[in-house]
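Asker: See query_7.cif below, with mmCIF, C-alpha atoms.
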data_coords
#
loop_
_atom_site.label_atom_id
_atom_site.label_comp_id
_atom_site.auth_asym_id
_atom_site.auth_seq_id
_atom_site.Cartn_x
_atom_site.Cartn_y
_atom_site.Cartn_z
CA MET X 1 0.32 12.66 -29.00
CA TYR X 2 0.56 11.03 -25.61
CA SER X 3 1.88 7.79 -27.02
CA GLN X 4 4.29 9.57 -29.37
CA ALA X 5 5.77 11.33 -26.38
CA LEU X 6 6.14 7.97 -24.71
CA ASP X 7 8.04 6.58 -27.68
CA GLN X 8 10.46 9.47 -27.70
CA HIS X 9 11.20 9.23 -24.03
CA ASP X 10 11.68 5.49 -24.25
CA ARG X 11 14.26 5.88 -27.00
CA ALA X 12 16.01 8.56 -25.00
CA ALA X 13 16.34 6.17 -22.06
CA PRO X 14 19.97 5.49 -21.13
CA ASP X 15 19.98 1.90 -22.37
CA ALA X 16 23.78 1.86 -22.20
CA GLU X 17 23.62 2.15 -18.42
CA PRO X 18 20.48 0.38 -17.31
CA GLU X 19 21.82 -0.12 -13.78
CA ALA X 20 22.15 3.63 -13.30
CA ALA X 21 18.72 4.24 -14.82
CA LEU X 22 17.14 1.62 -12.58
CA ALA X 23 18.82 3.13 -9.53
CA ARG X 24 17.61 6.62 -10.48
CA PHE X 25 14.11 5.26 -10.99
CA GLN X 26 14.12 3.51 -7.61
CA ALA X 27 15.42 6.68 -5.98
CA ARG X 28 12.44 8.60 -7.40
CA ILE X 29 10.07 5.92 -6.05
CA ASP X 30 11.76 5.98 -2.65
CA ALA X 31 11.40 9.77 -2.55
CA GLU X 32 7.62 9.30 -3.11
CA GLU X 33 7.77 11.00 -6.49
CA LYS X 34 4.91 10.00 -8.77
CA ILE X 35 5.91 8.37 -12.04
CA GLU X 36 4.05 9.94 -14.97
CA ALA X 37 3.29 8.63 -18.47
CA ASN X 38 6.15 10.49 -20.17
CA ASP X 39 8.78 9.47 -17.61
CA TRP X 40 11.33 6.75 -18.18
CA MET X 41 10.39 3.53 -16.41
CA PRO X 42 11.73 -0.03 -16.39
CA ALA X 43 9.98 -2.24 -18.93
CA ALA X 44 8.96 -4.59 -16.12
CA TYR X 45 7.33 -1.71 -14.19
CA ARG X 46 5.33 -0.87 -17.31
CA ARG X 47 4.34 -4.51 -17.86
CA THR X 48 3.34 -4.95 -14.22
CA LEU X 49 1.17 -1.86 -14.30
CA ILE X 50 -0.47 -2.76 -17.60
CA ARG X 51 -1.28 -6.18 -16.18
CA GLN X 52 -2.60 -4.84 -12.88
CA ILE X 53 -4.55 -1.85 -14.20
CA SER X 54 -6.11 -3.75 -17.10
CA GLN X 55 -7.12 -6.64 -14.86
CA HIS X 56 -8.62 -4.12 -12.47
CA ALA X 57 -10.53 -2.60 -15.41
CA HIS X 58 -11.70 -6.03 -16.60
CA SER X 59 -12.95 -6.75 -13.05
CA GLU X 60 -15.08 -3.62 -13.04
CA ILE X 61 -16.57 -4.49 -16.43
CA VAL X 62 -17.17 -8.19 -15.73
CA GLY X 63 -18.48 -7.20 -12.28
CA MET X 64 -21.45 -5.48 -13.91
CA GLY X 65 -22.80 -8.93 -14.83
CA PRO X 66 -23.63 -10.48 -11.45
CA GLU X 67 -25.37 -7.32 -10.22
CA GLY X 68 -26.99 -6.44 -13.53
CA ASN X 69 -28.72 -9.78 -13.15
CA TRP X 70 -30.98 -8.22 -10.46
CA ILE X 71 -31.76 -4.76 -11.88
CA THR X 72 -35.08 -5.82 -13.42
CA ARG X 73 -36.03 -7.79 -10.28
CA ALA X 74 -35.10 -5.27 -7.58
CA PRO X 75 -37.82 -5.28 -4.90
CA SER X 76 -38.56 -1.53 -5.01
CA LEU X 77 -37.92 1.54 -7.13
CA ARG X 78 -35.48 2.81 -4.48
CA ARG X 79 -33.45 -0.40 -4.70
CA LYS X 80 -33.64 -0.40 -8.47
CA VAL X 81 -32.29 3.13 -9.01
CA ALA X 82 -29.53 2.49 -6.47
CA LEU X 83 -28.47 -0.70 -8.23
CA LEU X 84 -28.61 0.98 -11.63
CA ALA X 85 -26.42 3.81 -10.33
CA LYS X 86 -23.95 1.32 -8.86
CA VAL X 87 -23.65 -0.69 -12.07
CA GLN X 88 -23.22 2.56 -14.04
CA ASP X 89 -20.41 3.51 -11.65
CA GLU X 90 -18.68 0.19 -12.25
CA CYS X 91 -18.80 0.76 -15.99
CA GLY X 92 -17.34 4.24 -15.45
CA HIS X 93 -14.62 2.84 -13.19
CA GLY X 94 -13.68 0.31 -15.86
CA LEU X 95 -13.34 3.15 -18.34
CA TYR X 96 -11.17 5.30 -16.02
CA LEU X 97 -8.90 2.30 -15.55
CA TYR X 98 -8.64 1.37 -19.24
CA ALA X 99 -7.71 5.00 -19.91
CA ALA X 100 -5.04 4.89 -17.18
CA ALA X 101 -3.62 1.69 -18.70
CA GLU X 102 -3.58 3.31 -22.14
CA THR X 103 -1.19 6.01 -20.86
CA LEU X 104 1.34 3.13 -20.73
CA ASP X 105 1.20 2.82 -24.51
CA VAL X 106 -1.08 -0.18 -24.88
CA SER X 107 -4.27 0.06 -26.93
CA ARG X 108 -7.78 -0.43 -25.59
CA GLU X 109 -8.39 -3.00 -28.33
CA THR X 110 -5.40 -5.08 -27.17
CA LEU X 111 -6.63 -5.06 -23.58
CA VAL X 112 -10.19 -6.00 -24.49
CA ASP X 113 -8.87 -8.75 -26.75
CA GLN X 114 -6.81 -10.16 -23.86
CA LEU X 115 -9.98 -10.36 -21.76
CA LEU X 116 -12.12 -11.91 -24.50
CA THR X 117 -9.52 -14.54 -25.37
CA GLY X 118 -9.04 -15.47 -21.72
CA ARG X 119 -5.39 -14.36 -21.58
CA ALA X 120 -6.12 -11.65 -19.01
CA LYS X 121 -7.62 -12.39 -15.62
CA TYR X 122 -10.23 -10.53 -13.61
CA SER X 123 -11.16 -10.77 -9.94
CA SER X 124 -12.09 -14.32 -8.89
CA ILE X 125 -15.13 -13.02 -7.02
CA PHE X 126 -17.18 -12.35 -10.15
CA ASN X 127 -17.22 -16.03 -11.05
CA TYR X 128 -19.80 -16.72 -8.36
CA PRO X 129 -23.55 -16.52 -9.08
CA THR X 130 -26.08 -14.04 -7.64
CA LEU X 131 -28.88 -16.44 -6.71
CA THR X 132 -31.11 -14.25 -4.54
CA TRP X 133 -31.78 -10.56 -3.86
CA ALA X 134 -29.74 -10.85 -0.66
CA ASP X 135 -26.67 -11.47 -2.83
CA ILE X 136 -26.92 -7.85 -3.99
CA GLY X 137 -26.75 -6.78 -0.35
CA ALA X 138 -23.85 -9.13 0.34
CA ILE X 139 -21.92 -7.91 -2.71
CA GLY X 140 -22.24 -4.26 -1.70
CA TRP X 141 -21.41 -4.90 1.94
CA LEU X 142 -18.68 -7.53 1.55
CA VAL X 143 -17.31 -7.43 -2.00
CA ASP X 144 -17.24 -3.65 -2.17
CA GLY X 145 -16.03 -3.52 1.43
CA ALA X 146 -13.10 -5.75 0.48
CA ALA X 147 -12.51 -3.80 -2.74
CA ILE X 148 -12.34 -0.53 -0.78
CA MET X 149 -9.73 -2.02 1.59
CA ASN X 150 -7.67 -2.96 -1.45
CA GLN X 151 -8.23 0.26 -3.36
CA ILE X 152 -7.57 2.91 -0.72
CA PRO X 153 -3.81 2.13 -0.64
CA LEU X 154 -3.81 2.21 -4.47
CA CYS X 155 -4.68 5.92 -4.27
CA ARG X 156 -1.03 6.30 -3.20
CA CYS X 157 0.36 4.05 -5.95
CA SER X 158 3.62 5.32 -7.48
CA TYR X 159 2.10 5.60 -10.98
CA GLY X 160 0.31 8.95 -11.18
CA PRO X 161 -2.48 8.16 -13.68
CA TYR X 162 -3.46 4.99 -11.75
CA ALA X 163 -3.34 6.76 -8.38
CA ARG X 164 -5.54 9.59 -9.66
CA ALA X 165 -8.05 7.16 -11.20
CA MET X 166 -8.21 5.34 -7.87
CA ILE X 167 -8.90 8.55 -5.94
CA ARG X 168 -11.89 9.22 -8.18
CA ILE X 169 -13.07 5.62 -7.90
CA CYS X 170 -12.80 5.43 -4.10
CA LYS X 171 -14.72 8.67 -3.75
CA GLU X 172 -17.53 7.42 -5.95
CA GLU X 173 -17.60 3.99 -4.38
CA SER X 174 -18.33 5.12 -0.87
CA PHE X 175 -22.05 4.72 -1.56
CA HIS X 176 -21.72 1.16 -2.86
CA GLN X 177 -20.91 -0.44 0.46
CA ARG X 178 -23.52 1.58 2.34
CA GLN X 179 -26.32 0.62 -0.04
CA GLY X 180 -25.30 -3.04 0.35
CA PHE X 181 -25.31 -2.81 4.13
CA GLU X 182 -28.70 -1.12 4.04
CA ILE X 183 -30.10 -4.05 2.04
CA MET X 184 -28.58 -6.54 4.50
CA LEU X 185 -29.90 -4.61 7.50
CA THR X 186 -33.41 -4.47 6.03
CA LEU X 187 -33.39 -8.22 5.40
CA ALA X 188 -31.80 -9.01 8.76
CA ARG X 189 -34.59 -7.08 10.54
CA GLY X 190 -37.27 -8.58 8.31
CA SER X 191 -39.29 -11.80 8.24
CA GLU X 192 -37.86 -15.20 9.07
CA ALA X 193 -37.51 -15.95 5.37
CA GLN X 194 -35.66 -12.66 4.78
CA VAL X 195 -33.24 -13.33 7.64
CA ALA X 196 -32.59 -16.80 6.22
CA MET X 197 -31.95 -15.32 2.79
CA ALA X 198 -29.43 -12.82 4.26
CA GLN X 199 -27.66 -15.60 6.19
CA ASP X 200 -27.52 -17.80 3.09
CA ALA X 201 -25.93 -14.96 1.09
CA LEU X 202 -23.32 -14.37 3.81
CA ASP X 203 -22.60 -18.12 3.93
CA ARG X 204 -21.94 -18.30 0.20
CA TRP X 205 -19.98 -15.03 -0.19
CA TRP X 206 -17.83 -15.06 2.95
CA TRP X 207 -14.99 -17.31 1.82
CA PRO X 208 -14.78 -16.05 -1.78
CA VAL X 209 -14.58 -12.50 -0.35
CA LEU X 210 -11.65 -13.42 1.92
CA MET X 211 -9.95 -14.92 -1.16
CA MET X 212 -10.27 -11.57 -2.98
CA PHE X 213 -7.20 -10.32 -1.10
CA GLY X 214 -5.12 -12.96 -2.85
CA PRO X 215 -2.86 -15.74 -1.61
CA PRO X 216 -0.92 -15.51 1.67
CA ASP X 217 2.02 -13.09 1.45
CA GLY X 218 4.62 -15.88 1.21
CA GLU X 219 2.98 -17.30 -1.95
CA SER X 220 2.05 -14.14 -3.83
CA GLN X 221 3.79 -14.24 -7.19
CA HIS X 222 4.24 -10.54 -7.89
CA SER X 223 4.25 -9.00 -4.42
CA ASP X 224 7.87 -8.23 -3.57
CA GLN X 225 8.77 -6.21 -6.65
CA SER X 226 5.37 -4.47 -6.61
CA MET X 227 6.00 -3.42 -3.01
CA ALA X 228 9.49 -2.11 -3.84
CA TRP X 229 8.00 -0.13 -6.72
CA LYS X 230 5.18 1.08 -4.44
CA ILE X 231 2.53 -0.14 -6.83
CA LYS X 232 1.30 -2.12 -3.87
CA ARG X 233 1.59 -0.69 -0.36
CA PHE X 234 0.40 -3.48 1.93
CA GLY X 235 0.58 -7.26 1.91
CA ASN X 236 -2.43 -9.46 1.18
CA ASP X 237 -2.66 -10.82 4.72
CA GLY X 238 -2.53 -7.38 6.32
CA LEU X 239 -5.39 -6.11 4.18
CA ARG X 240 -7.39 -9.29 4.79
CA GLY X 241 -6.90 -8.74 8.52
CA LYS X 242 -8.07 -5.13 8.32
CA PHE X 243 -11.17 -6.26 6.45
CA LEU X 244 -11.87 -8.91 9.08
CA ASP X 245 -11.58 -6.42 11.93
CA ALA X 246 -13.99 -4.04 10.20
CA THR X 247 -16.50 -6.67 9.09
CA VAL X 248 -16.94 -9.11 11.97
CA PRO X 249 -18.57 -6.46 14.24
CA GLN X 250 -20.84 -5.44 11.33
CA ALA X 251 -22.01 -9.04 10.90
CA ARG X 252 -22.72 -9.20 14.64
CA TYR X 253 -24.75 -6.00 14.44
CA LEU X 254 -26.79 -7.61 11.66
CA GLY X 255 -27.31 -10.65 13.88
CA LEU X 256 -25.84 -12.93 11.20
CA SER X 257 -23.21 -15.57 11.84
CA ILE X 258 -19.99 -15.85 9.91
CA PRO X 259 -19.55 -19.37 8.51
CA ASP X 260 -16.13 -19.97 10.09
CA PRO X 261 -16.04 -22.16 13.22
CA ALA X 262 -12.37 -21.23 13.76
CA LEU X 263 -13.02 -17.46 13.74
CA HIS X 264 -11.64 -15.99 16.97
CA PHE X 265 -10.49 -12.78 18.60
CA ALA X 266 -6.91 -12.60 19.93
CA ASP X 267 -4.29 -9.87 20.39
CA GLY X 268 -6.83 -7.19 19.56
CA HIS X 269 -7.68 -8.64 16.15
CA TRP X 270 -10.03 -11.13 14.53
CA HIS X 271 -8.46 -14.23 12.98
CA HIS X 272 -10.05 -16.51 10.38
CA GLY X 273 -9.80 -20.27 9.95
CA PRO X 274 -8.02 -21.95 7.01
CA ILE X 275 -8.95 -20.72 3.53
CA ASP X 276 -9.51 -23.26 0.74
CA TRP X 277 -6.84 -22.02 -1.65
CA ALA X 278 -7.45 -24.94 -3.97
CA GLU X 279 -10.86 -23.40 -4.69
CA PHE X 280 -9.25 -20.01 -5.33
CA ARG X 281 -6.79 -21.51 -7.82
CA ARG X 282 -9.56 -23.49 -9.49
CA VAL X 283 -11.71 -20.37 -9.96
CA LEU X 284 -8.74 -18.33 -11.25
CA ALA X 285 -7.89 -21.10 -13.70
CA GLY X 286 -11.40 -20.89 -15.14
CA GLY X 287 -13.18 -23.59 -13.14
CA GLY X 288 -15.47 -21.40 -11.02
CA PRO X 289 -19.26 -21.73 -11.17
CA CYS X 290 -19.69 -18.81 -13.61
CA ASN X 291 -16.36 -18.35 -15.48
CA ALA X 292 -17.75 -19.61 -18.78
CA GLU X 293 -20.96 -17.60 -18.42
CA ARG X 294 -19.13 -14.34 -17.59
CA LEU X 295 -16.75 -14.60 -20.54
CA ALA X 296 -19.55 -15.64 -22.87
CA ALA X 297 -21.50 -12.52 -21.80
CA ARG X 298 -18.50 -10.27 -22.55
CA ARG X 299 -17.92 -11.90 -25.93
CA LEU X 300 -21.57 -11.58 -26.86
CA ALA X 301 -21.64 -7.90 -25.81
CA HIS X 302 -18.50 -7.23 -27.83
CA ALA X 303 -19.87 -9.00 -30.92
CA GLU X 304 -23.25 -7.29 -30.63
CA GLY X 305 -21.52 -3.92 -30.32
CA ALA X 306 -19.52 -4.40 -33.52
CA TRP X 307 -22.04 -2.51 -35.67
CA VAL X 308 -21.95 0.46 -33.26
CA ARG X 309 -18.15 0.72 -33.49
CA GLU X 310 -18.35 0.36 -37.26
CA ALA X 311 -21.04 3.03 -37.56
CA ALA X 312 -19.07 5.43 -35.35
CA ARG X 313 -15.97 4.98 -37.52
CA ALA X 314 -17.98 5.51 -40.70
CA HIS X 315 -19.58 8.66 -39.26
CA ALA X 316 -16.19 10.02 -38.15
CA ALA X 317 -14.71 9.40 -41.59
CA LYS X 318 -17.69 11.11 -43.25
CA SER X 319 -17.39 14.13 -40.93
CA ALA X 320 -13.67 14.38 -41.65
CA ASP X 321 -14.35 14.30 -45.41
CA ALA X 322 -16.98 17.03 -45.06
CA LEU X 323 -14.57 19.18 -43.06
CA ALA X 324 -11.81 18.68 -45.63
CA ALA X 325 -14.21 19.58 -48.46
CA LYS X 326 -15.21 22.76 -46.61
CA ALA X 327 -11.57 23.74 -46.06
CA ALA X 328 -10.66 23.12 -49.74
CA MET V 1 -7.25 43.67 -45.18
CA ALA V 2 -6.77 41.45 -42.14
CA ALA V 3 -3.18 40.79 -41.17
CA GLU V 4 -2.11 37.17 -41.65
CA ALA V 5 -1.89 35.37 -38.31
CA ASP V 6 1.73 34.53 -37.56
CA SER V 7 0.92 32.54 -34.47
CA ARG V 8 -1.97 30.55 -33.08
CA LEU V 9 -3.59 30.02 -29.72
CA TRP V 10 -2.51 27.27 -27.33
CA GLU V 11 -4.16 26.19 -24.08
CA VAL V 12 -1.80 25.82 -21.11
CA PHE V 13 -2.11 23.11 -18.42
CA ILE V 14 0.04 23.05 -15.28
CA ARG V 15 0.75 20.20 -12.87
CA ALA V 16 0.99 22.16 -9.64
CA ARG V 17 2.67 19.43 -7.59
CA ASN V 18 4.05 15.94 -7.93
CA GLY V 19 1.15 13.50 -8.29
CA LEU V 20 -1.58 16.00 -9.16
CA ALA V 21 -3.33 16.16 -12.53
CA HIS V 22 -2.57 19.02 -14.93
CA GLN V 23 -5.09 21.85 -14.64
CA HIS V 24 -5.97 24.50 -17.14
CA ALA V 25 -4.22 27.79 -16.42
CA GLY V 26 -4.89 29.91 -19.52
CA SER V 27 -3.70 30.42 -23.08
CA VAL V 28 -0.69 31.69 -25.00
CA HIS V 29 0.02 32.69 -28.59
CA ALA V 30 2.90 30.91 -30.33
CA ALA V 31 3.98 29.78 -33.79
CA ASP V 32 4.69 26.18 -32.79
CA ALA V 33 4.55 23.75 -29.86
CA GLU V 34 8.09 24.42 -28.66
CA LEU V 35 7.60 28.18 -28.60
CA ALA V 36 4.22 27.66 -26.93
CA LEU V 37 5.90 25.71 -24.11
CA GLN V 38 8.46 28.49 -23.65
CA ALA V 39 5.76 31.15 -23.69
CA ALA V 40 3.71 29.15 -21.19
CA ARG V 41 6.74 28.84 -18.91
CA ASP V 42 7.37 32.59 -19.09
CA THR V 43 3.72 33.59 -18.77
CA TYR V 44 2.31 31.18 -16.22
CA THR V 45 5.12 29.81 -14.04
CA ARG V 46 7.14 32.75 -12.79
CA ARG V 47 6.40 31.99 -9.13
CA GLY V 48 6.85 28.27 -8.78
CA GLU V 49 3.34 27.44 -9.97
CA GLY V 50 4.18 23.98 -11.18
CA VAL V 51 6.40 21.02 -11.99
CA SER V 52 5.11 20.18 -15.48
CA LEU V 53 3.44 21.95 -18.41
CA TRP V 54 1.23 20.81 -21.26
CA VAL V 55 0.30 22.94 -24.25
CA VAL V 56 -2.52 21.92 -26.56
CA PRO V 57 -3.61 23.76 -29.73
CA SER V 58 -6.83 25.58 -28.78
CA ALA V 59 -8.34 24.42 -32.06
CA ALA V 60 -7.98 20.82 -30.87
CA ILE V 61 -10.41 21.37 -28.02
CA THR V 62 -14.06 20.49 -28.50
CA ALA V 63 -16.14 22.18 -25.83
CA SER V 64 -19.70 21.73 -24.61
CA ASP V 65 -22.06 24.65 -25.11
CA PRO V 66 -22.44 26.58 -21.82
CA ALA V 67 -25.96 27.56 -22.87
CA GLU V 68 -26.82 23.84 -22.87
CA ALA V 69 -25.29 23.20 -19.43
CA GLY V 70 -28.68 22.93 -17.73
CA THR V 71 -29.92 20.01 -19.80
CA LEU V 72 -26.46 18.47 -20.31
CA PHE V 73 -25.71 18.05 -16.62
CA GLU V 74 -29.25 17.61 -15.30
CA PRO V 75 -28.89 13.82 -15.00
CA GLY V 76 -26.04 14.32 -12.52
CA THR V 77 -27.92 16.62 -10.17
CA THR V 78 -31.23 14.81 -9.72
CA LYS V 79 -29.96 11.49 -8.36
CA PRO V 80 -29.35 11.74 -4.62
CA TYR V 81 -29.01 7.95 -4.50
CA ARG V 82 -25.58 8.31 -6.11
CA HIS V 83 -24.34 9.79 -2.83
CA PRO V 84 -23.38 7.88 0.33
CA THR V 85 -25.56 10.01 2.62
CA PHE V 86 -28.68 8.65 0.87
CA TYR V 87 -28.20 5.34 2.73
CA ALA V 88 -28.91 4.87 6.42
CA VAL V 89 -26.12 3.21 8.37
CA PRO V 90 -26.79 3.23 12.14
CA ASP V 91 -24.24 5.08 14.27
CA GLU V 92 -23.41 1.90 16.20
CA VAL V 93 -22.00 0.34 13.01
CA GLY V 94 -19.42 3.10 12.75
CA HIS V 95 -17.78 4.52 9.66
CA MET V 96 -18.54 2.84 6.35
#
Take the structure in the file and write it out as structure tokens.

Answerer:
Amino acid sequence: MYSQALDQHDRAAPDAEPEAALARFQARIDAEEKIEANDWMPAAYRRTLIRQISQHAHSEIVGMGPEGNWITRAPSLRRKVALLAKVQDECGHGLYLYAAAETLDVSRETLVDQLLTGRAKYSSIFNYPTLTWADIGAIGWLVDGAAIMNQIPLCRCSYGPYARAMIRICKEESFHQRQGFEIMLTLARGSEAQVAMAQDALDRWWWPVLMMFGPPDGESQHSDQSMAWKIKRFGNDGLRGKFLDATVPQARYLGLSIPDPALHFADGHWHHGPIDWAEFRRVLAGGGPCNAERLAARRLAHAEGAWVREAARAHAAKSADALAAKAA
Amino acid sequence: MAAEADSRLWEVFIRARNGLAHQHAGSVHAADAELALQAARDTYTRRGEGVSLWVVPSAAITASDPAEAGTLFEPGTTKPYRHPTFYAVPDEVGHM
């Protein structure tokens, strides 16, 4: 019914006067009105949102892999249940986001297919390996910390279903960063070997985490229009700066050193040294350490789940037949 | 002999303000979706209660059994580690 309503409203759109429609749409955005699934919207706004929301969903789903790697090897029951709960949350967040994308009249199957065939991207960060237990701490502290910086402004995104999904996600995610920091703090106050493991994790994750915010504002492909449409509220560099200001003191508290010789404090803010954007582009293009492994894991999971989907369809059809027979 | 039903039950959902999700408000009787929307407008939004209405045939709703609520939702109430306060972050570190 939802998608039928979308069709009707699309046909009713004043195609004869697109300029006027676009102006009205922009006026609604400027007045901080939320755009809802049944509302008229420019085709490019719809495409942008489908791309962004689905890639966000794919990131949550692919992101279960690196952490899932450590569930069976967590060092205590406390750590194990926390990690299980976190990975469950990520699965749930992926599902909220796929559902939000589907309000834009694209099917779940299409989106999943785009991921499995490599046409859709997901966050570059999940193409790095989780080599030690400390990586689970670093992911919670740094990766989730960076994700929260990115996601809080999305709670005010102009598209209602996405904004509401993000509110739910941010609320649930507040434990993710804290559990990561707790792991880091335990290691950082532990034996020499544990401290070394924590430092090694920070060394390997630091730069990929800074890259999560995306290229510098001048080079970001989709930024300007997304800002005008209030899909995006802040530039990449501004968010990266906020993350830096929050995180550098936390690293100092842990007694760990950030692997950036050019890191310095000036004008009330922390500033980082040059980022290796060639690495970022290489990882996005599929050349990261784990791209092939992550996609292979998704494809395998999808193939191995085929019988479940088939059985559910068969059961639904059988139930519908039984209901029809009863009604007849 | 029971009278033949000339209308059916619809569930009414109201979006109270721009940006909020629709929330269930109650039900109306109506012969079709269009009349249900009108009835919902007249019945539930006489004092500026909302900016958008949904009506859904009540028969389309599948509900959980309230008698089973204890076992159904138990997994969500016995896992304190799903909450941020379960994790110790020293005061000096500030808000996280």

Asker: Would you work out the distance separating atom CA of Ala25 of chain V from atom CA of Glu11 of chain V, expressed in Å to one decimal?

Answerer: 7.8 Å

Asker: Name every residue that the PyMOL selection byres ((chain V and resi 70-87) around 7) selects in this structure, writing the answer as a CSV table (one decimal) with C-alpha atoms, in the frame of the given file with chains first and numbers rising.

Answerer:
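The resulting part_20.csv:
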chain,number,residue,atom,x,y,z
X,82,ALA,CA,-29.5,2.5,-6.5
X,85,ALA,CA,-26.4,3.8,-10.3
X,174,SER,CA,-18.3,5.1,-0.9
X,175,PHE,CA,-22.0,4.7,-1.6
X,178,ARG,CA,-23.5,1.6,2.3
X,179,GLN,CA,-26.3,0.6,0.0
X,182,GLU,CA,-28.7,-1.1,4.0
V,68,GLU,CA,-26.8,23.8,-22.9
V,69,ALA,CA,-25.3,23.2,-19.4
V,88,ALA,CA,-28.9,4.9,6.4
V,89,VAL,CA,-26.1,3.2,8.4

Asker: Would you mind listing, as a PDB file with C-alpha atoms, in the coordinates of the input, all residues of chain X that have at least one atom within 9 Å of chain V, where only C-alpha atoms are what counts?

Answerer:
ATOM      1  CA  GLU X  32       7.620   9.300  -3.110  1.00  0.00           C
ATOM      2  CA  GLU X  33       7.770  11.000  -6.490  1.00  0.00           C
ATOM      3  CA  LYS X  34       4.910  10.000  -8.770  1.00  0.00           C
ATOM      4  CA  ILE X  35       5.910   8.370 -12.040  1.00  0.00           C
ATOM      5  CA  GLU X  36       4.050   9.940 -14.970  1.00  0.00           C
ATOM      6  CA  ARG X  78     -35.480   2.810  -4.480  1.00  0.00           C
ATOM      7  CA  VAL X  81     -32.290   3.130  -9.010  1.00  0.00           C
ATOM      8  CA  ALA X  82     -29.530   2.490  -6.470  1.00  0.00           C
ATOM      9  CA  ALA X  85     -26.420   3.810 -10.330  1.00  0.00           C
ATOM     10  CA  LYS X  86     -23.950   1.320  -8.860  1.00  0.00           C
ATOM     11  CA  ASP X  89     -20.410   3.510 -11.650  1.00  0.00           C
ATOM     12  CA  GLY X 145     -16.030  -3.520   1.430  1.00  0.00           C
ATOM     13  CA  SER X 158       3.620   5.320  -7.480  1.00  0.00           C
ATOM     14  CA  TYR X 159       2.100   5.600 -10.980  1.00  0.00           C
ATOM     15  CA  GLY X 160       0.310   8.950 -11.180  1.00  0.00           C
ATOM     16  CA  PRO X 161      -2.480   8.160 -13.680  1.00  0.00           C
ATOM     17  CA  ALA X 163      -3.340   6.760  -8.380  1.00  0.00           C
ATOM     18  CA  ARG X 164      -5.540   9.590  -9.660  1.00  0.00           C
ATOM     19  CA  GLU X 172     -17.530   7.420  -5.950  1.00  0.00           C
ATOM     20  CA  GLU X 173     -17.600   3.990  -4.380  1.00  0.00           C
ATOM     21  CA  SER X 174     -18.330   5.120  -0.870  1.00  0.00           C
ATOM     22  CA  PHE X 175     -22.050   4.720  -1.560  1.00  0.00           C
ATOM     23  CA  HIS X 176     -21.720   1.160  -2.860  1.00  0.00           C
ATOM     24  CA  GLN X 177     -20.910  -0.440   0.460  1.00  0.00           C
ATOM     25  CA  ARG X 178     -23.520   1.580   2.340  1.00  0.00           C
ATOM     26  CA  GLN X 179     -26.320   0.620  -0.040  1.00  0.00           C
ATOM     27  CA  PHE X 181     -25.310  -2.810   4.130  1.00  0.00           C
ATOM     28  CA  GLU X 182     -28.700  -1.120   4.040  1.00  0.00           C
ATOM     29  CA  LEU X 185     -29.900  -4.610   7.500  1.00  0.00           C
ATOM     30  CA  PRO X 249     -18.570  -6.460  14.240  1.00  0.00           C
ATOM     31  CA  GLN X 250     -20.840  -5.440  11.330  1.00  0.00           C
ATOM     32  CA  TYR X 253     -24.750  -6.000  14.440  1.00  0.00           C
TER      33      TYR X 253
END

Asker: For the file shown, report as a PyMOL selection string the outcome of the PyMOL selection byres ((chain X and resi 293) around 12) at residue level.

Answerer: chain X and resi 62+65-66+126-129+286-292+294-300

Asker: Calculate how many Å separate atom CA of Gln225 of chain X from atom CA of Ala44 of chain X, rounding to one decimal.

Answerer: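 About the pair atom CA of Gln225 of chain X and atom CA of Ala44 of chain X: they are 9.6 Å apart.
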
Asker: I need the residue nearest Trp54 of chain V from this list: V:Val28, V:Ala67, V:Leu35, V:Val12. Use all atoms listed in the file for the distance.

Answerer: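 Ranking V:Val28, V:Ala67, V:Leu35, V:Val12 by distance to Trp54 of chain V, first place goes to V:Val12.
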
Asker: At a cut-off of 10 Å, using all atoms listed in the file, what residues contact Ala251 of chain X? Leave out same-chain residues fewer than 2 positions from it and give the result as number ranges by chain.

Answerer: X: 141, 181, 184-185, 199, 202, 246-249, 253-258; V: 93

Asker: How many Å lie between atom CA of Ala43 of chain X and atom CA of Arg28 of chain X, rounded to one decimal?

Answerer: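 Pair atom CA of Ala43 of chain X / atom CA of Arg28 of chain X returns 16.0 Å.
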
Asker: Can you spell out as a ChimeraX atom specification the set of residues that the PyMOL selection byres ((chain X and resi 97-99) around 10) selects in the structure I just provided?

Answerer: /X:50,52-58,60,92-96,100-104,106-108,111-112,161-162,164-166,169

Asker: Please determine an axis-aligned box that encloses all atoms of segment 26-36 of chain V listed in the file, with 6 Å added on each side, and express its centre and edge lengths in Å to one decimal as AutoDock Vina command-line options.

Answerer:
--center_x 1.6 --center_y 28.2 --center_z -26.7 --size_x 25.0 --size_y 20.9 --size_z 26.3

Asker: Counting only C-alpha atoms, figure out which residue out of V:Ala16, V:Ala30, V:Ala40, V:Leu53 gets nearest to Asn38 of chain X.

Answerer: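 Ranked by minimum distance to Asn38 of chain X, first place goes to V:Leu53.
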
Asker: Any idea what's packed within 6 Å of segment 273-284 of chain X, counting only C-alpha atoms, ignoring anything in its chain fewer than 6 positions away? Could you give it as a count of residues only?

Answerer: 3

Asker: In terms of the shortest atom-to-atom distance over all atoms listed in the file, which of X:Ala146, X:Leu49, X:Leu84, X:Ala322 is closest to Asp245 of chain X?

Answerer: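 Comparing X:Ala146, X:Leu49, X:Leu84, X:Ala322 against Asp245 of chain X, the winner is X:Ala146.
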
Asker: Excluding Ala33 of chain V and residues on its chain fewer than 4 positions from it, collect all residues at most 9 Å away from it, counting all atoms listed in the file, and give them as a ChimeraX atom specification.

Answerer: /V:10,37-38,55-57
